[in-house]
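Novice: The structure that follows is given in the form of structure tokens.
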Amino acid sequence: MDLPIFQGEHRESLYWGTYRPHVYFGIRGRTPQSLLAGLMWIGVKDGRYFMRHVCQDSDELKTYGWTHHNGRDYGNQVLVDQNLKLTTSFLKSTEKESGYGGDWAVRIEAQNEVRDEEMPETAHLFFYVADEGGAALGLGGDTSDIPDDRILAFGSRDDIGSWQLHLESKEDFEFHYAGFKTHHIHNLSDLVQTNLGIQARRLGRLQLSDTSDYAPSILVFQISAMIPFKADIAFVSTSNSFGSRTEERIRSLTGDSLTSRLEQKEKQFDEKYQRCFGMFDELNSEAITMGQAALGNLLGGIGYFYGQSKISLPQSSNGVPGDNYISYWPAELYTAVPSRPFFPRGFLWDEGFHQLLIWRWDVKISLDIIGHWLDLMNADGWIPREQILGAEALSKVPSEFVVQHPTNGNPPTLFLVLRDLVCGINKNKFTASEKKEISIFFRQAFVRLDAWFKWFNTTQSGKDMNTYFWHGRDNMTTRELNPKTLSSGLDDYPRASHPSEDERHLDLRCWMHLAADCMSSISEFLEDGHIGKEYVLTAKLLSDFELLNQMHFDSNNGAYFDYGNHTEKVRLSWQIVETAGSYPTRELIREVLEEPVLRLVPHIGYVSLFPFMGRLIPPESWILEKQLDLISDTSTMWTKFGLRSLAKTSSIYMQRNTEHDPPYWRGPIWMNMNYMILSALNYYSKVDGPYRDRAKIIYDDLRNNLIRNVVKNYNQTGYLWEQYDQKKGRGKGARLFTGWTSLIVLIMGETYSDC
């Protein structure tokens with residue numbers, strides 16, 4: 001991130017943003033100790049009051065998410081909480097007099113979903129500003145010269161200069177405030193609720209105390225008004241002192257001026273969406289609305305995080321009992337996130353899929369994000385797969401998932417994007433300035449990408465040459481039906497029943513081919529023939545069709561499989577477990593009914609299709625026909641909603657992995673894998689070969705099924721989902737999952753890699 005292309009105007013243009021994806025609405029700067037802003041409100045459910053602030057499913061909002069967001073200076077979000085409909089709009093603006101990062105405005109509109117003239121309702125909104133470094137904030141007063149305007153707060157920072165926060169509204173409203181001095185921002189909801197609770201007991205009213213701690217680092221402003229109403233909040237900054245144009249700047253960020261600027265930005269978003277993803281006439285307006293929301297919430301969910309990962313220590317080096325980790329260096333990460341309520345942090349393998357959309361929308365943002373991830377690489381070439389940086393991120397993660405293991409990888413999906421960028425340059429898809437910046441990026445990033453590849457090639461290699469297996473599986477488990485492979489990203493997808501170093505994982509082999517092939521292309525582009533030759537040979541070896549078939553193909557099933565120490569005769573059964581000093585308990589325990597042997601692991605599913613997804617099967621091969629059979633057969637993978645993750649013929653299909661782990665990658669439909677399969681079908685439908693026409697028919701049917709089901713679910717539930725049920729097509733798992741489920745946008749636009 002020290003590259004000049006990420007400094008100067010580029011860096012400043014991205015300083016402010018909605019970079020707090022875990023809250024319903026939050027703003028911060030891309031700096032470790034930032035000034036923050038955000039919104040809370042009081043929701044009513046079953047006659048009881050609840051504070052809304054951090055995105056969580058238990059709030060049961062009917063829908064929420066960014067319907068439009070350009071990733072830079074504009075966003076529009078709709079949130080529906082019972083009968084309250086909130087719209088939050090965000091706009092950035094830079095004037096000559098602005099301080100670093102410019103100015104911004106927020107519009108908050110409250111309406112009733114169902115209008116009731118006889119029972120007008122009051123909404124209680126709380127807008128706050130806070131300094132993460134604990135610096136004191138100034139409390140404003142009614143000192144503004146502008147009608148309907150009040151200065152809420154003011155202050156000064158080394159990075160942005162002097163600043164003011166203004167509130168403008170033509171509506172009648174009741175106003176209260178509270179100031180707090182604390183270094184802990186992540187429990188802000190509790191501070192506000194406690195203050196409100198004391199006031200409610202004293203006065204019988206929902207209002208803040210109109211008091212402040214000395215030198216407060218957090219200021220909360222309550223706006224209570226009859227619905228419908230609208231309020232504009234303007235943030236202005238200056239590197240000098242506020243002059244005569246301040247009033248004009250505030251006017252341009254509020255009222256009618258803000259309305260017209262927001263309308264213009266929405267129009268620009270719509271036009272760019274059409275340009276980037278070429279939505280065809282066959283799609284109805286419902287599909288386009290859903291697609292814009294998918295992209296908008298992916299871009300609006302980009303976050304900035306700062307902190308230290310916790311890295312597992314080898315057991316032998318534990319100095320102190322219970323002290324089983326060391327801290328990574330303090331690091332920053334600018335990244336998209338899979339799901340704002342469930343996974344509001346960086347995940348390495350998800351990010352490659354996110355960037356398949358983002359580079360097509362804004363290649364500079366995409367390079368910036370990839371650059372941040374590469375800066376998290378250690379000297380060995382390892383990148384932690386889950387990034388839990390800072391107190392706010394940590395507050396959302398169960399403790400068992402916090403510590404990262406430096407022996408474990410994660411699919412190197414960033415190579416999917418890097419391959420697209422090299423191809424794009426070769427096919428003149430970029431402007432001259434974009435091409436120049438991508439070239440600079442590749443030249444600087446190459447040494448890290450090389451280290452990353454070599455880390456995989458050495459630490460994840462198998463017993464035989466050019467074989468690989470995901471490290472980190474538990475070979476001592478007595479609770480799991482089939483030990484999970486979390487590092488593969490496919491968690492509970494069935495592998496060899498008995499983990500061992502004899503395993504050969506088909507998906508990892510195909511990821512390694514992608515990485516080697518991509519590195520070969522980058523080397524060629526950079527004209528580095530020496531290193532490039534090595535990658536050309538590796539890619540050639542990993543794409544050797546005969547060798548692939550010897551290692552992984554089962555001609556009886558016409559399918560590709562993992563290889564390892566395996567038996568099908570494993571089950572979970574209830575047993576009485578006695579532990580010294582406590583009562584016996586009834587637990588679900590793993591039972592092995594026959595000795596495992598080294599063999600192909602006979603489970604048809606997503607992993608079986610990795611050679612197909614990687615286009616490693618020659619178009620004229622009879623094996624390609626067998627893959628098309630597996631894809632289109634309803635007894636294996638085909639459903640009318642998309643391809644299921646595991647075939648119905650598998651002994652582990654829809655089986656729980658433990659008493660507490662329901663099936664995850666054992667049947668449900670996942671968008672990232674369906675996208676990769678569609679991409680391959682699209683490829684095979686266009687190259688010469690005997691199965692071309694059949695690939696095209698399957699492609700059309702699968703694409704239509706996926707679009708129809710995701711649009712239907714979005715209209716019925718208001719959300720995109722983590723996965724979809726293979727029997728009825730219903731959304732499952734995390735909702736507001738606009739990570740890789742947003743690939744539906746590329747599917748609708750028929751946008752695939754054409755390398």
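Following the order of the structure tokens, first chain is A, next is B, and so on, with residues numbered from 1 inside each chain and ligands from 1 in the order they appear.
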Can you check which residues of stretch 27-240 of chain A DSSP gives as alpha helix (DSSP H) on the backbone and send them as an MDAnalysis selection string?
Specialist: chainID A and resid 188:203
Novice: Only N, CA, C and O atoms, please: the residues just picked out, written as a short mmCIF file (atom, residue, chain, number, x, y, z; two decimals), in the first residue's frame.
Specialist:
```cif
data_model
loop_
_atom_site.label_atom_id
_atom_site.label_comp_id
_atom_site.auth_asym_id
_atom_site.auth_seq_id
_atom_site.Cartn_x
_atom_site.Cartn_y
_atom_site.Cartn_z
N LEU A 188 -21.05 1.16 22.73
CA LEU A 188 -21.78 2.43 22.72
C LEU A 188 -23.29 2.24 22.94
O LEU A 188 -23.93 3.03 23.64
N SER A 189 -23.84 1.19 22.35
CA SER A 189 -25.29 0.93 22.53
C SER A 189 -25.64 0.85 24.01
O SER A 189 -26.66 1.38 24.46
N ASP A 190 -24.78 0.17 24.79
CA ASP A 190 -25.04 -0.01 26.23
C ASP A 190 -25.02 1.33 26.96
O ASP A 190 -25.85 1.59 27.84
N LEU A 191 -24.07 2.21 26.61
CA LEU A 191 -23.98 3.53 27.26
C LEU A 191 -25.27 4.32 27.04
O LEU A 191 -25.81 4.93 27.96
N VAL A 192 -25.75 4.29 25.79
CA VAL A 192 -26.96 5.05 25.45
C VAL A 192 -28.18 4.46 26.15
O VAL A 192 -29.01 5.19 26.72
N GLN A 193 -28.29 3.13 26.13
CA GLN A 193 -29.43 2.48 26.78
C GLN A 193 -29.45 2.75 28.28
O GLN A 193 -30.51 2.98 28.86
N THR A 194 -28.28 2.73 28.92
CA THR A 194 -28.21 3.00 30.36
C THR A 194 -28.68 4.42 30.65
O THR A 194 -29.47 4.67 31.58
N ASN A 195 -28.20 5.39 29.86
CA ASN A 195 -28.59 6.79 30.05
C ASN A 195 -30.10 6.95 29.87
O ASN A 195 -30.78 7.61 30.69
N LEU A 196 -30.65 6.33 28.82
CA LEU A 196 -32.10 6.40 28.58
C LEU A 196 -32.89 5.75 29.72
O LEU A 196 -33.95 6.25 30.13
N GLY A 197 -32.37 4.61 30.22
CA GLY A 197 -33.06 3.88 31.29
C GLY A 197 -33.18 4.71 32.56
O GLY A 197 -34.25 4.76 33.20
N ILE A 198 -32.09 5.42 32.92
CA ILE A 198 -32.11 6.26 34.12
C ILE A 198 -33.13 7.38 33.94
O ILE A 198 -33.94 7.68 34.83
N GLN A 199 -33.14 8.00 32.76
CA GLN A 199 -34.08 9.09 32.48
C GLN A 199 -35.53 8.60 32.47
O GLN A 199 -36.43 9.29 32.96
N ALA A 200 -35.73 7.40 31.91
CA ALA A 200 -37.10 6.85 31.85
C ALA A 200 -37.64 6.62 33.26
O ALA A 200 -38.82 6.88 33.54
N ARG A 201 -36.75 6.14 34.16
CA ARG A 201 -37.20 5.91 35.55
C ARG A 201 -37.46 7.22 36.28
O ARG A 201 -38.37 7.34 37.09
N ARG A 202 -36.64 8.24 35.96
CA ARG A 202 -36.79 9.54 36.64
C ARG A 202 -37.98 10.34 36.11
O ARG A 202 -38.76 10.92 36.86
N LEU A 203 -38.10 10.37 34.76
CA LEU A 203 -39.07 11.28 34.13
C LEU A 203 -40.23 10.57 33.44
O LEU A 203 -41.18 11.22 33.01
#
```
Novice: Give me the residues near stretch 588-602 of chain A as an NGL selection string, where near means some atom within 6 Å (using only C-alpha atoms) and where sequence neighbours in that chain fewer than 6 positions away do not count.
Specialist: :A and (478-479 or 481 or 496 or 561-567 or 569-574 or 659)
Novice: Once you have the residues from the selection above, write them out as a PDB file, in the first residue's frame, restricted to C-alpha atoms.
Specialist:
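In the end it all went to result_12.pdb:
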```
ATOM      1  CA  THR A 478     -14.536 -38.628  18.326  1.00  0.00           C
ATOM      2  CA  ARG A 479     -17.427 -36.231  17.660  1.00  0.00           C
ATOM      3  CA  LEU A 481     -18.978 -37.845  11.352  1.00  0.00           C
ATOM      4  CA  ALA A 496     -11.482 -39.150   3.478  1.00  0.00           C
ATOM      5  CA  PHE A 561     -12.772 -37.721  -6.447  1.00  0.00           C
ATOM      6  CA  ASP A 562     -10.398 -36.992  -3.587  1.00  0.00           C
ATOM      7  CA  TYR A 563      -8.083 -39.799  -2.512  1.00  0.00           C
ATOM      8  CA  GLY A 564      -7.285 -40.889   1.054  1.00  0.00           C
ATOM      9  CA  ASN A 565      -7.665 -43.318   3.928  1.00  0.00           C
ATOM     10  CA  HIS A 566     -11.381 -43.939   3.827  1.00  0.00           C
ATOM     11  CA  THR A 567     -14.305 -46.113   4.811  1.00  0.00           C
ATOM     12  CA  LYS A 569     -18.898 -47.319   7.364  1.00  0.00           C
ATOM     13  CA  VAL A 570     -18.815 -44.431   9.833  1.00  0.00           C
ATOM     14  CA  ARG A 571     -21.814 -43.217  11.799  1.00  0.00           C
ATOM     15  CA  LEU A 572     -22.788 -41.077  14.774  1.00  0.00           C
ATOM     16  CA  SER A 573     -24.561 -42.904  17.592  1.00  0.00           C
ATOM     17  CA  TRP A 574     -25.836 -41.899  21.017  1.00  0.00           C
ATOM     18  CA  GLU A 659     -24.786 -33.097  17.448  1.00  0.00           C
TER      19      GLU A 659
END
```
Novice: Report the distance between atom CA of A:Gly26 and atom CA of A:Thr88 in Å, rounded to one decimal place.
Specialist: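 According to the coordinates, atom CA of A:Gly26 and atom CA of A:Thr88 are separated by 10.4 Å.
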Novice: For stretch 621-628 of chain A, work out the shell of residues within 6 Å, counting only C-alpha atoms and skipping chain neighbours fewer than 3 positions away, then give it as a VMD selection string.
Specialist: chain A and resid 558 618 631
Novice: Could the residues in this selection be saved with C-alpha atoms as a compact mmCIF listing (two decimals), in the first residue's frame?
Specialist:
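Now in part.txt:
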```txt
# COMPACT_ATOMS: atom_id res chain seq x y z
CA GLY A 558 -17.43 -41.11 -14.52
CA PRO A 618 -10.50 -31.44 -23.37
CA ILE A 631 -24.54 -31.83 -13.54
```
Novice: Counting only C-alpha atoms, figure out which residue out of A:Pro483, A:Pro32, A:Pro338, A:Pro4 gets nearest to A:Thr658.
Specialist: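 Distance minimum relative to A:Thr658 lands on A:Pro483.
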Novice: What separation in Å, quoted to one decimal, exists between atom CA of A:Ile223 and atom CA of A:Ala123?
Specialist: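 Answer for the atom CA of A:Ile223 to atom CA of A:Ala123 separation: 8.0 Å.
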Novice: Within 6 Å of A:His53, counting only C-alpha atoms, which residues show up once you throw out same-chain ones fewer than 5 positions away? Write them as a ChimeraX atom specification, please.
Specialist: /A:23-24,40
Novice: Compile the contact shell of A:Phe545 as a list in words: residues with an atom at most 12 Å away, counting only C-alpha atoms, same-chain residues fewer than 2 positions apart removed.
Specialist: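 In the requested format, the answer is Cys510, Ala539, Lys540, Leu541, Leu542, Ser543, Leu547, Leu548, Asn549, Gln550, Met551, His552, Phe553, Tyr560, Pro611, Phe612, Gly614, Arg615, Leu616, Ile617, Pro618, Pro619, Ser621, Ile623 and Leu624 of chain A.
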Novice: Output C-alpha atoms for every residue in that selection, as a PDB file, in the first residue's frame.
Specialist:
```
ATOM      1  CA  CYS A 510      -7.094 -27.272  -9.273  1.00  0.00           C
ATOM      2  CA  ALA A 539       0.886 -25.203 -14.879  1.00  0.00           C
ATOM      3  CA  LYS A 540       1.579 -27.703 -17.667  1.00  0.00           C
ATOM      4  CA  LEU A 541       2.174 -30.512 -15.179  1.00  0.00           C
ATOM      5  CA  LEU A 542      -0.980 -29.703 -13.172  1.00  0.00           C
ATOM      6  CA  SER A 543      -3.072 -29.589 -16.353  1.00  0.00           C
ATOM      7  CA  LEU A 547      -1.906 -37.570 -14.805  1.00  0.00           C
ATOM      8  CA  LEU A 548      -5.058 -35.931 -13.400  1.00  0.00           C
ATOM      9  CA  ASN A 549      -7.093 -38.994 -14.393  1.00  0.00           C
ATOM     10  CA  GLN A 550      -4.582 -41.424 -12.868  1.00  0.00           C
ATOM     11  CA  MET A 551      -4.704 -39.549  -9.567  1.00  0.00           C
ATOM     12  CA  HIS A 552      -8.388 -38.663  -9.267  1.00  0.00           C
ATOM     13  CA  PHE A 553     -10.706 -40.194 -11.898  1.00  0.00           C
ATOM     14  CA  TYR A 560     -13.382 -37.111 -10.163  1.00  0.00           C
ATOM     15  CA  PRO A 611     -11.456 -30.105 -13.137  1.00  0.00           C
ATOM     16  CA  PHE A 612     -14.558 -29.107 -15.139  1.00  0.00           C
ATOM     17  CA  GLY A 614     -10.880 -25.285 -14.280  1.00  0.00           C
ATOM     18  CA  ARG A 615     -11.499 -26.221 -17.973  1.00  0.00           C
ATOM     19  CA  LEU A 616      -8.923 -29.009 -17.616  1.00  0.00           C
ATOM     20  CA  ILE A 617     -11.051 -31.509 -19.575  1.00  0.00           C
ATOM     21  CA  PRO A 618     -10.496 -31.435 -23.368  1.00  0.00           C
ATOM     22  CA  PRO A 619     -13.738 -30.441 -25.195  1.00  0.00           C
ATOM     23  CA  SER A 621     -13.194 -36.033 -24.276  1.00  0.00           C
ATOM     24  CA  ILE A 623     -15.164 -37.521 -19.706  1.00  0.00           C
ATOM     25  CA  LEU A 624     -16.697 -34.124 -20.470  1.00  0.00           C
TER      26      LEU A 624
END
```
Novice: Extract, using only C-alpha atoms, all DNA, RNA and protein residues at most 8 Å from stretch 170-180 of chain A, discarding same-chain residues fewer than 2 positions from it, and format them as a list in words.
Specialist: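 Here the qualifying residues turn out to be Asp148, Glu168, Thr182, Gln207, Leu208, Ser209, Asp210, Thr211, Ser212, Asp213, Pro216, Ser217, Ile218, Leu219, Val220, Phe221, Gln222, Ile223, Ser224, Ala225, Met226, Phe229, Lys230 and Ala231 of chain A.
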Novice: Which residues come within 6 Å of stretch 486-489 of chain A, counting only C-alpha atoms, excluding same-chain residues fewer than 2 positions away, as an MDAnalysis selection string?
Specialist: chainID A and resid 408:410 484 491
Novice: Would you return as a PyMOL selection string the members of stretch 389-561 of chain A that DSSP assigns to strand (DSSP E or B) on this structure's backbone?
Specialist: chain A and resi 403-404+461+468+498+504+553-554+559-560
Novice: Quote the spacing between atom CA of A:Arg509 and atom CA of A:Ile531 in Å to one decimal place.
Specialist: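 That distance, rounded to one decimal, is 20.6 Å.
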Novice: Within 12 Å of stretch 733-754 of chain A, which residues of stretch 383-473 of chain A show up? Give each one with its shortest atom-to-atom distance in Å (one decimal) and the two atoms involved, counting only C-alpha atoms, rows by chain then rising residue number, as a Markdown table.
Specialist:
```
| residue | atom | partner | partner_atom | distance |
| --- | --- | --- | --- | --- |
| A:Thr413 | CA | A:Trp740 | CA | 11.8 |
| A:Phe415 | CA | A:Ser753 | CA | 11.8 |
| A:Leu416 | CA | A:Ser753 | CA | 8.4 |
| A:Val417 | CA | A:Ser753 | CA | 9.0 |
| A:Leu418 | CA | A:Ser753 | CA | 10.9 |
| A:Arg419 | CA | A:Ser753 | CA | 8.4 |
| A:Asp420 | CA | A:Ser753 | CA | 6.2 |
| A:Leu421 | CA | A:Ser753 | CA | 9.8 |
| A:Val422 | CA | A:Ser753 | CA | 11.0 |
| A:Cys423 | CA | A:Asp754 | CA | 7.6 |
| A:Gly424 | CA | A:Asp754 | CA | 8.9 |
| A:Asn426 | CA | A:Asp754 | CA | 11.2 |
| A:Lys427 | CA | A:Asp754 | CA | 9.7 |
| A:Lys429 | CA | A:Asp754 | CA | 11.7 |
```
Novice: Output all heavy atoms for every residue in the selection just made, as a CSV table (one decimal), in the first residue's frame.
Specialist:
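What follows is the written file again.csv:
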```
chain,number,residue,atom,x,y,z
A,413,THR,N,-8.2,-17.6,-4.0
A,413,THR,CA,-9.2,-17.1,-5.0
A,413,THR,C,-8.8,-15.7,-5.6
A,413,THR,O,-9.4,-15.4,-6.7
A,413,THR,CB,-10.6,-17.0,-4.4
A,413,THR,OG1,-10.5,-16.1,-3.3
A,413,THR,CG2,-11.2,-18.3,-4.1
A,415,PHE,N,-6.4,-15.1,-7.2
A,415,PHE,CA,-5.9,-15.4,-8.5
A,415,PHE,C,-6.9,-15.4,-9.6
A,415,PHE,O,-6.7,-15.2,-10.8
A,415,PHE,CB,-5.1,-16.8,-8.6
A,415,PHE,CG,-3.7,-16.7,-7.9
A,415,PHE,CD1,-3.4,-17.3,-6.7
A,415,PHE,CD2,-2.7,-16.0,-8.6
A,415,PHE,CE1,-2.2,-17.2,-6.2
A,415,PHE,CE2,-1.4,-15.9,-8.0
A,415,PHE,CZ,-1.2,-16.5,-6.8
A,416,LEU,N,-8.2,-15.7,-9.2
A,416,LEU,CA,-9.3,-15.6,-10.2
A,416,LEU,C,-9.4,-14.1,-10.8
A,416,LEU,O,-9.6,-13.9,-12.0
A,416,LEU,CB,-10.7,-15.9,-9.5
A,416,LEU,CG,-10.9,-17.3,-9.1
A,416,LEU,CD1,-12.2,-17.4,-8.2
A,416,LEU,CD2,-11.1,-18.2,-10.3
A,417,VAL,N,-9.2,-13.2,-9.9
A,417,VAL,CA,-9.3,-11.7,-10.2
A,417,VAL,C,-8.0,-11.3,-11.0
A,417,VAL,O,-8.1,-10.7,-12.0
A,417,VAL,CB,-9.4,-10.9,-9.0
A,417,VAL,CG1,-9.7,-9.4,-9.4
A,417,VAL,CG2,-10.4,-11.4,-8.0
A,418,LEU,N,-6.8,-11.7,-10.5
A,418,LEU,CA,-5.6,-11.3,-11.1
A,418,LEU,C,-5.5,-11.9,-12.5
A,418,LEU,O,-5.0,-11.2,-13.5
A,418,LEU,CB,-4.4,-11.8,-10.3
A,418,LEU,CG,-4.3,-11.3,-8.8
A,418,LEU,CD1,-3.3,-12.0,-8.0
A,418,LEU,CD2,-4.1,-9.8,-8.9
A,419,ARG,N,-6.0,-13.1,-12.7
A,419,ARG,CA,-6.1,-13.7,-14.1
A,419,ARG,C,-6.9,-12.8,-15.0
A,419,ARG,O,-6.6,-12.6,-16.2
A,419,ARG,CB,-6.6,-15.1,-14.0
A,419,ARG,CG,-6.7,-15.8,-15.4
A,419,ARG,CD,-7.4,-17.2,-15.3
A,419,ARG,NE,-8.8,-17.1,-14.8
A,419,ARG,CZ,-9.5,-18.1,-14.6
A,419,ARG,NH1,-9.1,-19.4,-14.7
A,419,ARG,NH2,-10.8,-18.0,-14.2
A,420,ASP,N,-8.1,-12.4,-14.5
A,420,ASP,CA,-9.0,-11.5,-15.3
A,420,ASP,C,-8.3,-10.2,-15.7
A,420,ASP,O,-8.5,-9.7,-16.8
A,420,ASP,CB,-10.3,-11.2,-14.5
A,420,ASP,CG,-11.3,-12.3,-14.5
A,420,ASP,OD1,-11.1,-13.3,-15.2
A,420,ASP,OD2,-12.3,-12.1,-13.9
A,421,LEU,N,-7.5,-9.7,-14.7
A,421,LEU,CA,-6.8,-8.4,-15.0
A,421,LEU,C,-5.8,-8.5,-16.1
A,421,LEU,O,-5.7,-7.7,-17.0
A,421,LEU,CB,-6.2,-7.8,-13.7
A,421,LEU,CG,-7.2,-7.5,-12.6
A,421,LEU,CD1,-6.5,-6.9,-11.4
A,421,LEU,CD2,-8.2,-6.4,-13.1
A,422,VAL,N,-5.0,-9.6,-16.0
A,422,VAL,CA,-4.0,-9.9,-17.1
A,422,VAL,C,-4.7,-10.1,-18.4
A,422,VAL,O,-4.3,-9.5,-19.4
A,422,VAL,CB,-3.1,-11.1,-16.8
A,422,VAL,CG1,-2.1,-11.4,-17.9
A,422,VAL,CG2,-2.4,-11.0,-15.5
A,423,CYS,N,-5.8,-10.9,-18.4
A,423,CYS,CA,-6.5,-11.1,-19.7
A,423,CYS,C,-7.1,-9.8,-20.2
A,423,CYS,O,-7.0,-9.5,-21.4
A,423,CYS,CB,-7.7,-12.0,-19.4
A,423,CYS,SG,-7.2,-13.7,-19.4
A,424,GLY,N,-7.6,-9.0,-19.3
A,424,GLY,CA,-8.2,-7.7,-19.6
A,424,GLY,C,-7.2,-6.8,-20.3
A,424,GLY,O,-7.5,-6.1,-21.3
A,426,ASN,N,-4.5,-7.8,-21.9
A,426,ASN,CA,-4.1,-8.4,-23.2
A,426,ASN,C,-5.2,-8.2,-24.3
A,426,ASN,O,-5.0,-8.1,-25.5
A,426,ASN,CB,-3.9,-9.9,-23.1
A,426,ASN,CG,-2.6,-10.2,-22.3
A,426,ASN,OD1,-1.7,-9.3,-22.2
A,426,ASN,ND2,-2.5,-11.3,-21.6
A,427,LYS,N,-6.5,-8.0,-23.8
A,427,LYS,CA,-7.6,-7.8,-24.7
A,427,LYS,C,-8.1,-6.3,-24.8
A,427,LYS,O,-9.2,-6.0,-25.2
A,427,LYS,CB,-8.8,-8.7,-24.3
A,427,LYS,CG,-8.4,-10.2,-24.4
A,427,LYS,CD,-9.6,-11.1,-24.2
A,427,LYS,CE,-9.2,-12.5,-24.4
A,427,LYS,NZ,-10.3,-13.5,-24.4
A,429,LYS,N,-9.1,-4.1,-22.5
A,429,LYS,CA,-10.3,-3.8,-21.8
A,429,LYS,C,-10.2,-2.5,-20.9
A,429,LYS,O,-11.1,-2.1,-20.4
A,429,LYS,CB,-10.8,-4.9,-21.0
A,429,LYS,CG,-11.4,-6.1,-21.8
A,429,LYS,CD,-12.0,-7.1,-20.9
A,429,LYS,CE,-12.6,-8.2,-21.7
A,429,LYS,NZ,-13.2,-9.3,-20.8
```
Novice: Pick from A:Gly352, A:Gly605, A:Pro314, A:Gly43: nearest to A:Leu414, with only C-alpha atoms counted?
Specialist: A:Gly352
Novice: Restricting the calculation to only C-alpha atoms: of A:Ala234, A:Leu490, A:Leu91, A:Ile425, which residue gets closest to A:Ser260?
Specialist: A:Leu91
Novice: For each of A:Ala136, A:Lys732, A:Arg666, A:Met671, take the minimum atom-to-atom distance to A:His183, counting only C-alpha atoms, then give the residue where this is smallest.
Specialist: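 When distances to A:His183 are compared using only C-alpha atoms, the smallest one comes from A:Ala136.
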Novice: Go through A:Leu79, A:Met1, A:Leu152, A:Leu706 one by one, measure the shortest atom-to-atom distance of each to A:Leu376 using only C-alpha atoms, and give the residue with the smallest value.
Specialist: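 Of A:Leu79, A:Met1, A:Leu152, A:Leu706, the one nearest A:Leu376 is A:Met1, counting only C-alpha atoms.
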Novice: Considering only C-alpha atoms, can you say which of A:Ile108, A:Leu35, A:Leu394, A:Ala559 comes closest to A:Thr636?
Specialist: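 Checking each candidate against A:Thr636, we get A:Ala559 as the closest.
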